[in-house]
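Data from structure.cif: mmCIF, C-alpha atoms
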data_data
loop_
_atom_site.label_atom_id
_atom_site.label_comp_id
_atom_site.auth_asym_id
_atom_site.auth_seq_id
_atom_site.Cartn_x
_atom_site.Cartn_y
_atom_site.Cartn_z
CA MET A 16 -21.00 134.98 93.82
CA SER A 17 -23.68 135.62 91.22
CA GLU A 18 -24.56 139.15 90.19
CA PRO A 19 -27.78 140.44 91.85
CA GLN A 20 -30.72 140.78 89.48
CA ALA A 21 -32.46 144.13 89.19
CA THR A 22 -36.06 144.31 90.27
CA GLU A 23 -38.88 144.95 87.84
CA GLN A 24 -39.44 148.35 89.46
CA GLN A 25 -35.78 149.34 88.95
CA ILE A 26 -35.94 148.33 85.28
CA ARG A 27 -39.26 150.10 84.79
CA GLU A 28 -37.89 153.33 86.29
CA ALA A 29 -34.69 153.14 84.22
CA LEU A 30 -36.51 152.49 80.95
CA ALA A 31 -39.07 155.19 81.71
CA ALA A 32 -36.28 157.71 82.15
CA ALA A 33 -34.46 156.62 78.97
CA ALA A 34 -35.15 157.50 75.35
CA PRO A 35 -37.77 155.08 74.02
CA ILE A 36 -36.93 152.25 71.64
CA ILE A 37 -38.01 153.61 68.27
CA LEU A 38 -37.38 151.79 65.00
CA ALA A 39 -36.51 154.46 62.46
CA PRO A 40 -34.04 154.99 59.61
CA GLY A 41 -31.65 157.88 59.20
CA PRO A 42 -29.02 159.59 61.31
CA LYS A 43 -28.60 158.50 64.91
CA GLU A 44 -26.73 161.60 66.06
CA PRO A 45 -28.13 165.15 66.37
CA PRO A 46 -27.40 167.48 63.44
CA THR A 47 -24.05 169.26 63.51
CA GLN A 48 -25.11 171.82 60.88
CA ILE A 49 -27.85 174.39 60.74
CA PRO A 50 -30.22 174.19 57.76
CA PRO A 51 -30.97 177.24 55.63
CA VAL A 52 -33.55 179.65 56.94
CA PRO A 53 -36.82 179.05 55.05
CA ASN A 54 -38.29 181.86 53.01
CA ASP A 55 -41.69 181.06 54.45
CA VAL A 56 -43.33 178.66 56.91
CA TRP A 57 -46.90 177.51 56.38
CA ASP A 58 -49.12 176.26 59.17
CA LEU A 59 -51.05 173.28 57.81
CA PRO A 60 -53.80 171.10 59.31
CA GLY A 61 -51.76 168.56 61.27
CA GLY A 62 -48.46 169.73 59.86
CA THR A 63 -45.98 172.38 58.77
CA ALA A 64 -44.44 173.32 55.43
CA TRP A 65 -40.99 174.85 55.23
CA VAL A 66 -40.67 176.78 51.97
CA TYR A 67 -37.31 177.42 50.31
CA TYR A 68 -37.23 179.37 47.06
CA ALA A 69 -34.83 178.37 44.31
CA GLU A 70 -31.35 179.86 44.48
CA GLY A 71 -31.46 183.51 43.45
CA SER A 72 -35.28 183.66 43.48
CA ASP A 73 -37.63 185.62 45.71
CA GLN A 74 -40.90 183.96 44.75
CA LEU A 75 -42.54 180.58 44.23
CA ILE A 76 -42.30 179.54 40.57
CA ARG A 77 -41.48 175.81 40.18
CA PRO A 78 -42.73 174.08 43.37
CA VAL A 79 -41.51 170.65 44.48
CA ILE A 80 -43.34 169.20 47.49
CA ALA A 81 -41.43 166.63 49.57
CA ALA A 82 -43.27 164.90 52.44
CA ASP A 83 -41.66 163.38 55.52
CA GLY A 84 -41.97 159.70 56.41
CA PHE A 85 -42.91 157.55 59.40
CA ASN A 86 -41.61 158.01 62.92
CA MET A 87 -42.99 159.01 66.30
CA GLY A 88 -43.73 162.61 67.20
CA PRO A 89 -43.38 165.75 65.07
CA SER A 90 -41.18 166.19 62.00
CA SER A 91 -37.85 167.91 62.52
CA ILE A 92 -36.63 170.10 59.67
CA ASP A 93 -33.08 169.84 61.04
CA MET A 94 -33.17 166.03 60.87
CA LEU A 95 -34.69 166.10 57.38
CA TRP A 96 -31.86 168.26 56.07
CA GLN A 97 -29.32 166.05 57.82
CA GLY A 98 -30.71 162.83 56.38
CA LEU A 99 -31.56 164.00 52.88
CA ASP A 100 -29.04 166.70 52.06
CA TRP A 101 -25.86 166.48 54.14
CA GLY A 102 -24.72 163.04 53.06
CA GLU A 103 -23.55 161.59 49.75
CA TYR A 104 -26.04 163.59 47.69
CA GLY A 105 -27.62 166.94 48.55
CA PHE A 106 -31.14 166.33 47.26
CA PHE A 107 -32.69 169.52 48.62
CA SER A 108 -29.78 171.74 47.62
CA GLU A 109 -29.60 170.27 44.13
CA LEU A 110 -33.28 170.96 43.52
CA ARG A 111 -32.82 174.59 44.52
CA ARG A 112 -29.62 174.92 42.48
CA ARG A 113 -31.58 173.76 39.43
CA GLY A 114 -34.24 176.42 39.87
CA ARG A 115 -36.82 174.46 41.84
CA ASP A 116 -38.65 175.76 44.88
CA LEU A 117 -38.59 173.27 47.74
CA ILE A 118 -41.61 172.80 50.00
CA VAL A 119 -40.84 170.30 52.77
CA VAL A 120 -44.03 169.03 54.41
CA GLY A 121 -43.72 167.70 57.96
CA PHE A 122 -46.37 166.35 60.30
CA HIS A 123 -47.25 167.14 63.90
CA GLU A 124 -47.53 163.40 64.53
CA ARG A 125 -45.75 161.22 62.01
CA SER A 126 -47.40 158.06 63.34
CA ALA A 127 -50.93 159.41 62.73
CA ALA A 128 -53.15 157.80 60.11
CA ILE A 129 -52.10 158.39 56.51
CA GLN A 130 -55.51 159.91 55.73
CA LYS A 131 -55.06 162.48 58.48
CA ASN A 132 -51.58 163.54 57.37
CA ALA A 133 -52.79 163.69 53.77
CA ASP A 134 -54.83 166.74 54.82
CA ALA A 135 -51.58 168.61 55.40
CA VAL A 136 -50.34 167.69 51.93
CA ILE A 137 -53.61 168.71 50.29
CA GLU A 138 -53.40 172.12 51.93
CA ALA A 139 -49.75 172.48 50.88
CA VAL A 140 -50.63 171.64 47.27
CA ASN A 141 -53.53 174.11 47.25
CA ARG A 142 -51.41 176.84 48.75
CA ALA A 143 -48.55 176.21 46.32
CA VAL A 144 -50.93 176.43 43.38
CA ALA A 145 -52.44 179.67 44.73
CA MET A 146 -49.09 181.32 45.47
CA ARG A 147 -47.18 180.10 42.42
CA VAL A 148 -46.11 182.70 39.88
CA GLY A 149 -46.74 181.39 36.37
CA ASP A 150 -48.13 178.00 35.43
CA HIS A 151 -45.30 175.50 36.03
CA ARG A 152 -46.78 172.22 37.16
CA LEU A 153 -45.91 170.85 40.57
CA ALA A 154 -43.82 167.81 41.45
CA VAL A 155 -45.29 166.12 44.55
CA GLY A 156 -43.95 163.14 46.46
CA GLY A 157 -42.24 161.92 49.57
CA PHE A 158 -39.86 159.66 51.38
CA SER A 159 -41.00 156.29 52.73
CA MET A 160 -44.51 156.78 54.18
CA GLY A 161 -44.45 160.32 52.74
CA GLY A 162 -44.83 158.74 49.31
CA LEU A 163 -48.04 157.03 50.43
CA VAL A 164 -49.36 160.18 52.08
CA THR A 165 -48.85 162.19 48.89
CA ARG A 166 -50.21 159.39 46.70
CA TYR A 167 -53.39 159.32 48.81
CA ALA A 168 -53.63 163.13 48.84
CA LEU A 169 -53.41 163.51 45.06
CA ALA A 170 -55.81 160.62 44.44
CA LYS A 171 -58.30 162.16 46.87
CA MET A 172 -58.06 165.56 45.18
CA GLU A 173 -58.76 163.97 41.80
CA SER A 174 -61.71 162.03 43.22
CA GLN A 175 -63.12 165.37 44.42
CA GLN A 176 -62.34 166.99 41.05
CA VAL A 177 -59.83 169.40 42.59
CA ASP A 178 -57.17 170.49 40.10
CA HIS A 179 -53.86 169.78 41.87
CA GLN A 180 -51.79 171.13 38.97
CA THR A 181 -49.27 168.31 39.48
CA GLY A 182 -47.27 167.00 36.56
CA LEU A 183 -45.09 164.49 38.43
CA TYR A 184 -45.67 162.21 41.42
CA TRP A 185 -42.52 160.69 42.94
CA SER A 186 -41.76 158.30 45.80
CA TYR A 187 -38.51 157.36 47.53
CA ASP A 188 -38.44 153.78 48.89
CA THR A 189 -42.13 153.94 49.66
CA PRO A 190 -43.84 150.69 50.77
CA HIS A 191 -46.57 150.74 48.14
CA ARG A 192 -47.23 147.01 48.66
CA GLY A 193 -46.38 146.94 52.37
CA ALA A 194 -43.45 147.17 54.78
CA TRP A 195 -42.00 144.57 57.17
CA ILE A 196 -41.01 144.63 60.82
CA PRO A 197 -40.00 141.13 61.98
CA LEU A 198 -42.63 139.46 64.11
CA GLY A 199 -40.05 138.79 66.80
CA LEU A 200 -39.40 142.52 67.14
CA GLN A 201 -43.11 143.30 67.20
CA ALA A 202 -43.62 140.63 69.85
CA PHE A 203 -40.76 141.99 71.99
CA ALA A 204 -42.28 145.47 71.78
CA HIS A 205 -45.55 144.24 73.24
CA TYR A 206 -43.97 141.79 75.70
CA SER A 207 -41.96 144.65 77.23
CA ARG A 208 -44.97 146.99 77.35
CA LYS A 209 -45.48 146.76 81.12
CA LEU A 210 -41.93 148.06 81.64
CA ASN A 211 -42.10 150.79 79.00
CA ASP A 212 -44.88 151.09 76.46
CA GLY A 213 -43.10 153.38 73.95
CA PHE A 214 -41.96 150.61 71.60
CA SER A 215 -45.38 148.96 71.65
CA ARG A 216 -47.11 152.27 70.98
CA GLN A 217 -44.99 152.73 67.87
CA ILE A 218 -45.84 149.27 66.53
CA ASN A 219 -49.52 149.79 67.33
CA SER A 220 -49.72 153.36 66.01
CA PRO A 221 -52.23 154.04 63.21
CA ALA A 222 -49.58 154.59 60.52
CA SER A 223 -47.63 151.48 61.53
CA ARG A 224 -50.78 149.37 61.30
CA GLN A 225 -51.40 150.82 57.84
CA LEU A 226 -47.87 150.31 56.53
CA LEU A 227 -47.05 146.80 57.77
CA ALA A 228 -47.93 143.84 55.59
CA TRP A 229 -48.31 141.79 58.79
CA HIS A 230 -49.03 143.22 62.21
CA ILE A 231 -49.60 141.90 65.73
CA GLU A 232 -51.02 144.03 68.54
CA GLU A 233 -50.08 141.64 71.37
CA TRP A 234 -46.94 139.57 71.82
CA ASP A 235 -48.89 136.35 71.28
CA GLY A 236 -51.19 137.72 68.59
CA LYS A 237 -51.76 136.12 65.21
CA PRO A 238 -50.04 138.00 62.34
CA ARG A 239 -52.59 139.58 60.03
CA VAL A 240 -53.33 142.49 57.76
CA ASP A 241 -54.60 145.11 60.19
CA GLU A 242 -58.08 146.55 59.76
CA LEU A 243 -56.64 150.05 59.37
CA ARG A 244 -54.54 148.86 56.43
CA GLU A 245 -57.52 147.15 54.85
CA LYS A 246 -59.53 150.35 55.19
CA LEU A 247 -56.75 152.47 53.67
CA LEU A 248 -56.35 150.12 50.71
CA ALA A 249 -60.13 150.08 50.17
CA GLU A 250 -60.23 153.89 50.16
CA LEU A 251 -57.37 154.05 47.68
CA ASP A 252 -59.14 151.51 45.49
CA ARG A 253 -62.32 153.60 45.47
CA MET A 254 -60.26 156.63 44.39
CA GLY A 255 -58.53 154.77 41.56
CA ASN A 256 -55.59 153.59 43.67
CA TRP A 257 -53.23 156.21 42.23
CA PRO A 258 -53.48 159.76 40.95
CA ALA A 259 -54.25 159.44 37.25
CA ILE A 260 -53.08 162.83 35.99
CA PRO A 261 -49.37 163.09 36.85
CA LEU A 262 -46.55 160.90 35.61
CA LYS A 263 -45.77 158.46 38.43
CA ILE A 264 -42.19 157.49 39.28
CA GLY A 265 -40.45 155.83 42.21
CA VAL A 266 -37.13 154.47 43.43
CA ALA A 267 -36.11 151.57 45.67
CA ASN A 268 -33.15 151.31 48.03
CA GLY A 269 -32.96 147.64 47.05
CA VAL A 270 -31.70 145.82 43.98
CA GLY A 271 -33.72 144.57 41.05
CA THR A 272 -31.74 141.37 40.51
CA GLY A 273 -33.55 139.29 43.12
CA GLN A 274 -30.36 139.04 45.19
CA GLY A 275 -31.14 139.12 48.91
CA ASN A 276 -29.26 140.97 51.64
CA GLY A 277 -27.47 137.89 52.99
CA ILE A 278 -29.78 137.04 55.90
CA LYS A 279 -30.74 133.36 55.89
CA PRO A 280 -34.01 131.96 57.26
CA GLY A 281 -33.59 131.03 60.91
CA ASP A 282 -30.45 133.13 61.44
CA HIS A 283 -29.93 134.14 65.06
CA THR A 284 -30.50 137.91 65.11
CA VAL A 285 -30.79 138.90 68.79
CA GLU A 286 -29.61 137.22 71.99
CA GLY A 287 -30.26 138.40 75.54
CA LYS A 288 -27.09 138.07 77.63
CA GLY A 289 -27.84 139.93 80.87
CA LEU A 290 -29.58 138.26 83.80
CA SER A 291 -32.83 140.18 83.30
CA ILE A 292 -33.14 139.25 79.64
CA LEU A 293 -31.34 135.90 79.53
CA GLY A 294 -33.34 133.45 77.43
CA THR A 295 -34.53 136.04 74.90
CA HIS A 296 -33.67 135.10 71.31
CA LEU A 297 -34.93 136.44 67.98
CA TYR A 298 -34.58 134.61 64.66
CA ALA A 299 -34.91 135.54 61.01
CA GLN A 300 -38.24 134.57 59.47
CA ARG A 301 -38.59 131.06 58.08
CA SER A 302 -41.34 129.96 55.72
CA GLY A 303 -43.64 127.09 56.60
CA ASP A 304 -45.79 126.30 59.61
CA ASN A 305 -44.99 126.52 63.32
CA GLN A 306 -41.76 128.42 62.75
CA LEU A 307 -39.97 129.77 65.84
CA VAL A 308 -39.20 133.50 65.47
CA ALA A 309 -38.73 134.51 69.11
CA LYS A 310 -38.18 133.37 72.67
CA LEU A 311 -39.07 136.14 75.09
CA ARG A 312 -38.04 136.63 78.68
CA LEU A 313 -37.72 139.98 80.45
CA VAL A 314 -37.40 139.98 84.25
CA THR A 315 -39.96 137.19 84.56
CA PRO A 316 -38.81 133.70 85.65
CA PRO A 317 -37.92 131.16 82.96
CA PRO A 318 -38.90 129.50 80.74
CA ALA A 319 -39.05 132.05 77.93
CA LYS A 320 -42.28 132.48 76.00
CA GLU A 321 -42.18 131.24 72.41
CA VAL A 322 -43.51 133.09 69.36
CA ARG A 323 -44.24 130.98 66.29
CA THR A 324 -45.63 131.82 62.87
CA ASP A 325 -47.36 130.00 60.04
CA ASP A 326 -47.13 130.48 56.29
CA LEU A 327 -45.00 133.63 56.11
CA PRO A 328 -42.29 134.21 53.48
CA GLU A 329 -38.55 134.50 54.16
CA ILE A 330 -38.77 138.25 54.08
CA ASP A 331 -35.96 139.34 56.43
CA GLY A 332 -33.41 138.58 53.72
CA ALA A 333 -35.42 139.88 50.76
CA PRO A 334 -33.90 142.49 48.45
CA GLY A 335 -34.93 145.99 49.47
CA GLY A 336 -34.27 148.93 51.72
CA THR A 337 -33.05 147.73 55.10
CA LEU A 338 -33.68 148.86 58.68
CA GLU A 339 -31.39 148.17 61.63
CA GLY A 340 -34.31 146.96 63.71
CA PHE A 341 -32.39 144.24 65.56
CA GLY A 342 -29.43 146.56 66.09
CA ILE A 343 -31.55 149.44 67.36
CA LEU A 344 -33.16 147.15 69.95
CA ALA A 345 -29.79 145.86 71.17
CA ASP A 346 -28.24 149.33 71.24
CA LYS A 347 -31.06 150.80 73.32
CA LEU A 348 -30.95 147.95 75.83
CA ASN A 349 -27.16 148.19 76.07
CA GLU A 350 -27.41 151.89 76.93
CA GLN A 351 -28.88 150.90 80.29
CA PRO A 352 -26.71 150.57 83.42
CA PRO A 353 -25.06 147.12 83.60
CA PHE A 354 -26.66 146.26 86.97
CA LEU A 355 -30.08 146.16 85.27
CA GLY A 356 -28.97 143.01 83.43
CA LEU A 357 -30.21 144.02 79.97
CA LYS A 358 -27.03 143.34 77.98
CA THR A 359 -28.02 142.15 74.51
CA ASN A 360 -26.14 141.03 71.41
CA ALA A 361 -27.37 141.49 67.83
CA PRO A 362 -25.37 139.11 65.60
CA ILE A 363 -27.41 140.51 62.69
CA ARG A 364 -28.37 144.17 62.95
CA HIS A 365 -30.59 144.74 59.93
CA HIS A 366 -33.51 143.22 58.07
CA SER A 367 -35.44 143.98 54.91
CA PHE A 368 -37.90 146.78 55.66
CA VAL A 369 -39.27 147.90 52.28
CA PRO A 370 -38.80 145.07 49.77
CA SER A 371 -37.80 146.20 46.29
CA VAL A 372 -40.99 144.82 44.76
CA SER A 373 -43.02 146.96 47.16
CA ALA A 374 -41.09 150.17 46.52
CA VAL A 375 -41.55 149.94 42.75
CA ALA A 376 -45.11 148.57 43.05
CA ILE A 377 -44.51 145.57 40.84
CA ARG A 378 -45.34 142.56 43.04
CA ASP A 379 -46.83 141.81 46.46
CA VAL A 380 -44.67 140.80 49.42
CA THR A 381 -46.56 137.67 50.43
CA THR A 382 -44.50 134.93 48.73
CA ASN A 383 -40.84 134.09 48.28
CA ALA A 384 -41.36 133.92 44.53
CA ASP A 385 -42.51 137.54 44.40
CA LEU A 386 -40.08 138.90 47.01
CA TYR A 387 -37.04 137.45 45.24
CA VAL A 388 -38.19 137.92 41.66
CA ASP A 389 -35.73 139.30 39.11
CA ILE A 390 -37.37 142.70 38.65
CA ASP A 391 -34.84 143.61 35.98
CA GLY A 392 -36.21 140.75 33.89
CA LEU A 393 -39.85 141.79 34.18
CA ALA A 394 -41.68 143.98 31.71
CA PRO A 395 -41.55 147.50 33.19
CA GLU A 396 -45.21 148.07 32.41
CA THR A 397 -46.18 145.45 35.01
CA SER A 398 -45.35 148.07 37.65
CA GLU A 399 -48.08 150.48 38.74
CA LEU A 400 -45.50 153.25 38.31
CA ASP A 401 -44.79 154.76 34.90
CA ASP A 402 -41.04 154.58 35.51
CA PHE A 403 -38.75 153.50 38.33
CA ARG A 404 -35.14 152.90 39.34
CA LEU A 405 -33.57 150.41 41.72
CA ALA A 406 -30.32 150.66 43.65
CA SER A 407 -27.15 148.85 42.63
CA GLU A 408 -26.98 147.25 46.10
CA ASN A 409 -29.31 146.65 49.01
CA GLN A 410 -28.86 149.66 51.25
CA PRO A 411 -30.45 151.40 54.25
CA HIS A 412 -34.02 152.53 53.80
CA THR A 413 -34.31 156.10 52.42
CA LEU A 414 -30.52 156.45 52.11
CA MET A 415 -30.11 159.45 49.82
CA THR A 416 -27.73 158.64 46.96
CA ALA A 417 -26.73 160.26 43.71
CA GLU A 418 -27.91 157.11 41.93
CA LEU A 419 -31.52 157.42 43.15
CA GLY A 420 -31.90 161.03 44.25
CA GLY A 421 -30.10 162.25 41.14
CA TRP A 422 -32.47 160.28 38.93
CA ILE A 423 -35.53 161.82 40.60
CA VAL A 424 -34.05 165.30 40.19
CA GLU A 425 -33.54 164.60 36.47
CA GLN A 426 -37.18 163.53 36.11
CA ILE A 427 -38.31 166.71 37.88
CA GLU A 428 -36.08 168.69 35.48
CA ASN A 429 -37.95 167.11 32.58
CA LEU A 430 -41.11 168.88 33.73
CA GLY A 431 -39.59 172.07 32.30
#

What does this structure look like when you write it as structure tokens?
Amino acid sequence: MSEPQATEQQIREALAAAAPIILAPGPKEPPTQIPPVPNDVWDLPGGTAWVYYAEGSDQLIRPVIAADGFNMGPSSIDMLWQGLDWGEYGFFSELRRRGRDLIVVGFHERSAAIQKNADAVIEAVNRAVAMRVGDHRLAVGGFSMGGLVTRYALAKMESQQVDHQTGLYWSYDTPHRGAWIPLGLQAFAHYSRKLNDGFSRQINSPASRQLLAWHIEEWDGKPRVDELREKLLAELDRMGNWPAIPLKIGVANGVGTGQGNGIKPGDHTVEGKGLSILGTHLYAQRSGDNQLVAKLRLVTPPPAKEVRTDDLPEIDGAPGGTLEGFGILADKLNEQPPFLGLKTNAPIRHHSFVPSVSAVAIRDVTTNADLYVDIDGLAPETSELDDFRLASENQPHTLMTAELGGWIVEQIENLG
């Protein structure tokens, strides 16, 4: 006897009661440690700054501003410490040990427009300058989207002739030339919207539209550069694109050799196995026209809806910081009770999220030739950054390592 299929209402109620599907890097489990108590907490427009003086200090002398990245909802200082200090390399602790004052900037809504969250950074910079003892120049930067927020903030301050007193701008796996969420995942998010709209709201959030090199707002939409991204890039261009005063550095969680992450075009990445999702398949991006990237079925009768793309590069396997987008989707569906019929396999869990060429601002992400270029063989001055470092292997997006985090700390040390 065949297993009874759950009704749409049962699935809707179960998904509504569950944690939403959110594509995000970093720890999956709640923190098991308690971060240090900040010396001060600043209320910012649209955000919060947690201020930690250097070890043994009782005042702000050598400020380092570190901005949070993209996600849904408000920043969590506990999760920031867990992801950026309690792993292989204690980035925050090392800064403080070396006599730097740490100012962690979080946002009330991390998916808000980059321009809006830049207001929080601008206020943090102004307050740090006003409260600083002495004249040590600031180091200002961020992780992932936080690097774009701080880049925009400093460029805006310069365009308004505001002295930001910043000697170093830094970014950690920031998508300067765009990020990538596979079109199959974006399509699934929107296709499942009538059951639970959380995933779709993330993909269609202002910051997501600004970060993604290609975006669709409906499951059957045509991939394009979103208008919000075009507007952001135009504003940056009018402000000189980058802050001109500080030294600009960045790191990538991907390699510079042009070696991909092992995903081949057309690889089967997600397969629906339960009765309610049977017929759903996602595939790694192929180049060329009329390329199948998804078959979608969720509760509705077969056949599955097809999603096809034209003229996109083979970006899932490109060198760069990776995100477990396929794996996160499968894991969340598999958390549901078996009778709902949502069992899903993810033969490939990850995909390129921030290509190396994007993180070090040296090429665009629109062609295979640029995505897989041997960065190590290019003249460093072709990057928009003054200096950069790449990882020795393709690794998870914003993974904090001694190789990358340690290099940034050394550059901050050079400020004196």

Shortest interatomic distance to Pro258 of chain A - which of A:Arg192, A:Lys171, A:Arg239, A:Arg77, counting all atoms listed in the file: A:Lys171

The PyMOL selection byres ((chain A and resi 251) around 12) applied to the shown file, residues as a PyMOL selection string: chain A and resi 129-130+163-174+191+244-250+252-258

Residue neighbourhood Asp385 of chain A, 8 Å, only C-alpha atoms, exclusion window fewer than 6 positions, as a PyMOL selection string: chain A and resi 372+378-379

Polymer residues at most 7 Å from Leu297 of chain A, all atoms listed in the file, same-chain spacing of 2 or more positions, as a PyMOL selection string: chain A and resi 199+283-286+295+308-310

d(atom CA of Ala34 of chain A, atom CA of Tyr206 of chain A) in Å: 18.0 Å

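Nearest residue to Gly105 of chain A, choosing from A:Ala82, A:Ala417, A:Ala145, A:Ala21 and counting all atoms listed in the file: A:Ala417.
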
Could you add N, CA, C and O atoms to segment 109-126 of chain A and give me the result as an mmCIF file, in the coordinates of the input?
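Below you can see rebuild.cif, which holds the result:
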data_model
loop_
_atom_site.group_PDB
_atom_site.id
_atom_site.type_symbol
_atom_site.label_atom_id
_atom_site.label_comp_id
_atom_site.auth_asym_id
_atom_site.auth_seq_id
_atom_site.Cartn_x
_atom_site.Cartn_y
_atom_site.Cartn_z
ATOM 1 N N GLU A 109 -29.680 170.425 45.580
ATOM 2 C CA GLU A 109 -29.600 170.270 44.130
ATOM 3 C C GLU A 109 -30.889 170.742 43.463
ATOM 4 O O GLU A 109 -30.850 171.372 42.389
ATOM 5 N N LEU A 110 -32.019 170.460 44.065
ATOM 6 C CA LEU A 110 -33.280 170.960 43.520
ATOM 7 C C LEU A 110 -33.261 172.482 43.432
ATOM 8 O O LEU A 110 -33.624 173.066 42.407
ATOM 9 N N ARG A 111 -32.839 173.117 44.497
ATOM 10 C CA ARG A 111 -32.820 174.590 44.520
ATOM 11 C C ARG A 111 -31.791 175.140 43.540
ATOM 12 O O ARG A 111 -32.015 176.168 42.894
ATOM 13 N N ARG A 112 -30.659 174.462 43.423
ATOM 14 C CA ARG A 112 -29.620 174.920 42.480
ATOM 15 C C ARG A 112 -30.137 174.873 41.048
ATOM 16 O O ARG A 112 -29.762 175.711 40.222
ATOM 17 N N ARG A 113 -31.037 173.920 40.776
ATOM 18 C CA ARG A 113 -31.580 173.760 39.430
ATOM 19 C C ARG A 113 -32.849 174.582 39.211
ATOM 20 O O ARG A 113 -33.594 174.339 38.259
ATOM 21 N N GLY A 114 -33.119 175.517 40.088
ATOM 22 C CA GLY A 114 -34.240 176.420 39.870
ATOM 23 C C GLY A 114 -35.573 175.940 40.366
ATOM 24 O O GLY A 114 -36.619 176.461 39.958
ATOM 25 N N ARG A 115 -35.563 174.978 41.285
ATOM 26 C CA ARG A 115 -36.820 174.460 41.840
ATOM 27 C C ARG A 115 -37.031 175.034 43.238
ATOM 28 O O ARG A 115 -36.091 175.183 44.017
ATOM 29 N N ASP A 116 -38.281 175.298 43.549
ATOM 30 C CA ASP A 116 -38.650 175.760 44.880
ATOM 31 C C ASP A 116 -39.031 174.551 45.727
ATOM 32 O O ASP A 116 -39.869 173.733 45.324
ATOM 33 N N LEU A 117 -38.409 174.435 46.889
ATOM 34 C CA LEU A 117 -38.590 173.270 47.740
ATOM 35 C C LEU A 117 -39.606 173.559 48.837
ATOM 36 O O LEU A 117 -39.477 174.534 49.576
ATOM 37 N N ILE A 118 -40.611 172.705 48.936
ATOM 38 C CA ILE A 118 -41.610 172.800 50.000
ATOM 39 C C ILE A 118 -41.572 171.476 50.760
ATOM 40 O O ILE A 118 -42.040 170.448 50.270
ATOM 41 N N VAL A 119 -40.968 171.502 51.954
ATOM 42 C CA VAL A 119 -40.840 170.300 52.770
ATOM 43 C C VAL A 119 -42.044 170.231 53.710
ATOM 44 O O VAL A 119 -42.251 171.128 54.531
ATOM 45 N N VAL A 120 -42.839 169.187 53.583
ATOM 46 C CA VAL A 120 -44.030 169.030 54.410
ATOM 47 C C VAL A 120 -43.726 168.056 55.547
ATOM 48 O O VAL A 120 -43.359 166.894 55.309
ATOM 49 N N GLY A 121 -43.860 168.544 56.782
ATOM 50 C CA GLY A 121 -43.720 167.700 57.960
ATOM 51 C C GLY A 121 -45.044 167.582 58.679
ATOM 52 O O GLY A 121 -46.010 168.310 58.400
ATOM 53 N N PHE A 122 -45.111 166.650 59.614
ATOM 54 C CA PHE A 122 -46.370 166.350 60.300
ATOM 55 C C PHE A 122 -46.209 166.530 61.806
ATOM 56 O O PHE A 122 -45.163 166.238 62.377
ATOM 57 N N HIS A 123 -47.274 166.990 62.443
ATOM 58 C CA HIS A 123 -47.250 167.140 63.900
ATOM 59 C C HIS A 123 -47.098 165.787 64.584
ATOM 60 O O HIS A 123 -46.455 165.681 65.621
ATOM 61 N N GLU A 124 -47.697 164.766 64.021
ATOM 62 C CA GLU A 124 -47.530 163.400 64.530
ATOM 63 C C GLU A 124 -47.337 162.465 63.346
ATOM 64 O O GLU A 124 -48.272 162.170 62.607
ATOM 65 N N ARG A 125 -46.083 162.027 63.180
ATOM 66 C CA ARG A 125 -45.750 161.220 62.010
ATOM 67 C C ARG A 125 -46.362 159.826 62.057
ATOM 68 O O ARG A 125 -46.437 159.149 61.026
ATOM 69 N N SER A 126 -46.788 159.380 63.238
ATOM 70 C CA SER A 126 -47.400 158.060 63.340
ATOM 71 C C SER A 126 -48.922 158.100 63.212
ATOM 72 O O SER A 126 -49.587 157.076 63.351
#
